[in-house]
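First the structure, in the form of structure tokens, and then the observations on it.
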Number of protein chains: 2
Amino acid sequence: MPLDIGVLVSGRGSNLEAILDSIAHGRITGARVSVVVSSASGVRAVDVARRFGVDTVVLDAASLRLSRQEYDDLLAEQLARKGISQSDGLVVLAGFDRILGAGFVNKFAGRLINVHPALLPSFKGLHAQRQAVEYGVKVSGCTVHFVVADVDAGPIILQKAVEVKDDDDEESLSERILRAEHEALPQAIQMFATGRLKVNGRRVVVA
Amino acid sequence: MPLDIGVLVSGRGSNLEAILDSIAHGRITGARVSVVVSSASGVRAVDVARRFGVDTVVLDAASLRLSRQEYDDLLAEQLARKGISQSDGLVVLAGFDRILGAGFVNKFAGRLINVHPALLPSFKGLHAQRQAVEYGVKVSGCTVHFVVADVDAGPIILQKAVEVKDDDDEESLSERILRAEHEALPQAIQMFATGRLKVNGRRVVVA
């Protein structure tokens, strides 16, 4: 049975596209995207999913007006319908703009990964690229990590460095980091799908 | 007149050696190491300096028993004798194990640089390589930066990334980062010596 992946999105879905493209071209094997859940309606990510023939669920946070707990429960239920649970499957945050509660995160511990647009532990939280530009670093990048309840603090699966140029602004740096994300996230998924990731405390070892 | 550089050391002096070697081979131009000040006697860095015919001053912190202010004043005096002051020259911290007081740092503002064995702002302070291994990052590196009173927080001149391997320990990662330091520190000095560094708030622009 292939690994069932649920991808959570909120925006243009370029990382989703990179994942689907990697599956289509055999760079990710033994896995399929079984459902895409979007926290917003009318976003490009939903179109990307449909173009690849993937089932989509829109849980529009703005109109649903649910508590975090209720939203997270609904999300877990939608994932479970596609075989993604605490014992099976993988949940990938690909530009998902909601903070997930500790209940959801703990339930999916070891099966929930995120890509962050900085070399963690530098520049946690929102607007990581802007933080990097304002700090004046010369190297930034992206981090794929397991999600834990503490934001952007989970065990790191892989990181890719990119140069920060003297004339970069938030937008130009974001674009360069995004290209690194499009490589890193599918690579991390492939490592997970082939069972090569071993978590040892804070360190992730690739078998 | 060439730029007069004072290099402050405390240990094996491999970064000092990289600087002297870069000058000898023309990778740093228009600059000379005019004095090496060591905070400890009997260290290899002093032998390195002598081998290159550079004047050395040992200000042995352990035996001098001076206050920080007194030590820093003595250090500034020794540098001044070689033409390194708040208006001339460059002070390079190359594995110097003492924290310099705010008075010294502010006096040499814009003329005092350090190399730190991590991609700042990650892993400030002591044992940066051990911090990186324990955190489980997959990319680390080194940072050459101007020194400000806040430790490891000054404007960044350049950074070089290195891979962290799954089987790295503090020692093996330190060696890999040190090789990056040996490239980065001479490059930064050459940028300074040729007047190409412009500090704009937190950002350093290379002209």
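Simple scheme: letters A, B, ... for chains in structure tokens order, numbers from 1 for residues in each chain, numbers from 1 for ligands in the order shown.
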
Exercise. For chain A, which residues have at least one atom within 12 Å of chain B, if we go by only C-alpha atoms? Write them as a PyMOL selection string, please.
Worked result: chain A and resi 118-124+131-146+153-169+184+197-207

Near-Asp150 of chain A list (12 Å; only C-alpha atoms; drop same-chain fewer than 6 positions) as a PDB file with C-alpha atoms, in the first residue's frame:
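Result file follows (selection14.pdb):
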```pdb
ATOM      1  CA  ILE A  99      -1.416  27.242  13.905  1.00  0.00           C
ATOM      2  CA  LEU A 100      -2.505  23.728  14.813  1.00  0.00           C
ATOM      3  CA  GLY A 101      -3.384  23.039  18.437  1.00  0.00           C
ATOM      4  CA  ALA A 102      -1.270  20.815  20.691  1.00  0.00           C
ATOM      5  CA  VAL A 105       0.073  18.056  16.809  1.00  0.00           C
ATOM      6  CA  ASN A 106       0.536  15.445  19.511  1.00  0.00           C
ATOM      7  CA  LYS A 124      11.154  31.318  13.770  1.00  0.00           C
ATOM      8  CA  GLY A 125       7.580  32.432  13.283  1.00  0.00           C
TER       9      GLY A 125
END
```

For this session: Could you give me the residues within segment 11-200 of chain B that DSSP places in strand (DSSP E or B), as a ChimeraX atom specification?
Result: /B:31-38,56-58,85,88,90-93,112-116,139-146,156-163,197-200

For this session: Compile the contact shell of Ala62 of chain A as a PyMOL selection string: residues with an atom at most 10 Å away, counting only C-alpha atoms, same-chain residues fewer than 6 positions apart removed.
Result: chain A and resi 39-41

Exercise. Which polymer residues have any atom within 8 Å of an atom of segment 67-76 of chain A, counting only C-alpha atoms, with same-chain residues fewer than 5 positions away left out, as number ranges by chain?
Worked result: A: 37, 59, 61, 85, 100-101, 103-104

Exercise. If you run DSSP on this backbone, which residues of segment 43-75 of chain B come out as alpha helix (DSSP H), and could you give them as JSON, numbers by chain?
Worked result: {"B": [44, 45, 46, 47, 48, 49, 50, 51, 61, 62, 63, 64, 68, 69, 70, 71, 72, 73, 74, 75]}

Now that the selection is made, can you save its residues with N, CA and C atoms as a short mmCIF file (atom, residue, chain, number, x, y, z; two decimals), in the first residue's frame?
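Below is the file out_12.cif, written as the result:
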```
data_model
loop_
_atom_site.label_atom_id
_atom_site.label_comp_id
_atom_site.auth_asym_id
_atom_site.auth_seq_id
_atom_site.Cartn_x
_atom_site.Cartn_y
_atom_site.Cartn_z
N ARG B 44 50.16 27.75 20.64
CA ARG B 44 50.70 27.57 19.30
C ARG B 44 50.58 28.84 18.47
N ALA B 45 49.55 29.64 18.72
CA ALA B 45 49.34 30.86 17.93
C ALA B 45 50.57 31.77 17.98
N VAL B 46 51.23 31.81 19.13
CA VAL B 46 52.43 32.65 19.27
C VAL B 46 53.56 32.12 18.38
N ASP B 47 53.69 30.80 18.33
CA ASP B 47 54.69 30.19 17.45
C ASP B 47 54.40 30.50 15.99
N VAL B 48 53.12 30.45 15.63
CA VAL B 48 52.72 30.76 14.25
C VAL B 48 53.15 32.18 13.90
N ALA B 49 52.84 33.12 14.79
CA ALA B 49 53.20 34.52 14.55
C ALA B 49 54.71 34.67 14.35
N ARG B 50 55.47 34.04 15.23
CA ARG B 50 56.94 34.15 15.15
C ARG B 50 57.47 33.55 13.86
N ARG B 51 56.88 32.44 13.47
CA ARG B 51 57.32 31.78 12.23
C ARG B 51 57.15 32.71 11.03
N ALA B 61 46.29 36.66 30.64
CA ALA B 61 45.18 37.07 31.50
C ALA B 61 45.26 36.38 32.86
N ALA B 62 45.67 35.12 32.86
CA ALA B 62 45.69 34.35 34.11
C ALA B 62 46.70 34.92 35.11
N SER B 63 47.86 35.37 34.63
CA SER B 63 48.88 35.83 35.58
C SER B 63 48.81 37.34 35.82
N LEU B 64 48.24 38.09 34.89
CA LEU B 64 48.22 39.55 35.05
C LEU B 64 47.24 40.00 36.14
N ARG B 68 38.83 43.84 34.00
CA ARG B 68 38.55 43.86 32.56
C ARG B 68 38.96 45.21 31.95
N GLN B 69 38.61 46.29 32.64
CA GLN B 69 38.94 47.63 32.16
C GLN B 69 40.45 47.80 32.01
N GLU B 70 41.19 47.36 33.03
CA GLU B 70 42.65 47.49 32.98
C GLU B 70 43.24 46.65 31.85
N TYR B 71 42.71 45.44 31.70
CA TYR B 71 43.21 44.57 30.64
C TYR B 71 42.94 45.19 29.28
N ASP B 72 41.71 45.65 29.10
CA ASP B 72 41.34 46.23 27.80
C ASP B 72 42.17 47.47 27.50
N ASP B 73 42.46 48.27 28.52
CA ASP B 73 43.27 49.48 28.32
C ASP B 73 44.69 49.10 27.88
N LEU B 74 45.24 48.09 28.54
CA LEU B 74 46.59 47.63 28.19
C LEU B 74 46.61 47.10 26.75
N LEU B 75 45.56 46.37 26.40
CA LEU B 75 45.44 45.83 25.05
C LEU B 75 45.36 46.97 24.02
#
```

For this session: Extract, using only C-alpha atoms, all DNA, RNA and protein residues at most 9 Å from Asn114 of chain B, discarding same-chain residues fewer than 2 positions from it, and format them as number ranges by chain.
Result: B: 91-96, 112, 116, 143-147, 152, 185

Selected residues, C-alpha atoms, written as a short mmCIF file (atom, residue, chain, number, x, y, z; two decimals), in the first residue's frame, please.
```
data_model
loop_
_atom_site.label_atom_id
_atom_site.label_comp_id
_atom_site.auth_asym_id
_atom_site.auth_seq_id
_atom_site.Cartn_x
_atom_site.Cartn_y
_atom_site.Cartn_z
CA VAL B 91 41.46 44.38 15.06
CA VAL B 92 40.64 40.74 14.31
CA LEU B 93 39.45 38.33 16.99
CA ALA B 94 40.73 34.93 15.87
CA GLY B 95 39.81 32.53 18.62
CA PHE B 96 40.36 35.13 21.33
CA LEU B 112 36.83 45.17 15.13
CA HIS B 116 31.91 32.85 15.07
CA THR B 143 29.92 34.09 10.46
CA VAL B 144 32.37 36.98 10.18
CA HIS B 145 30.86 40.07 11.76
CA PHE B 146 31.66 43.45 13.19
CA VAL B 147 31.78 43.29 16.96
CA ASP B 152 27.66 37.84 18.59
CA LEU B 185 38.01 35.40 7.60
#
```

For this session: Check the smallest atom-to-atom distance from each of B:Val36, B:Leu173, B:Ile84, B:Ala31 to Pro186 of chain B using only C-alpha atoms, then report the winner.
Result: B:Ala31

Problem set entry | Nearest to Ser87 of chain A, chosen from A:Glu170, A:Glu175, A:Glu183, A:Asp4, with only C-alpha atoms counted in the distances |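 Among the listed residues, the smallest separation from Ser87 of chain A belongs to A:Asp4.
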
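When atom CA of Ala80 of chain A is paired with atom CA of Gly6 of chain A, their separation reads 9.6 Å.
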
For this session: Identify which of the residues A:Met1, A:Ile177, A:Val148, A:Val43 lies closest to Pro117 of chain A, counting only C-alpha atoms when measuring atom-to-atom distances.
Result: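 Closest to Pro117 of chain A of all the choices is A:Ile177.
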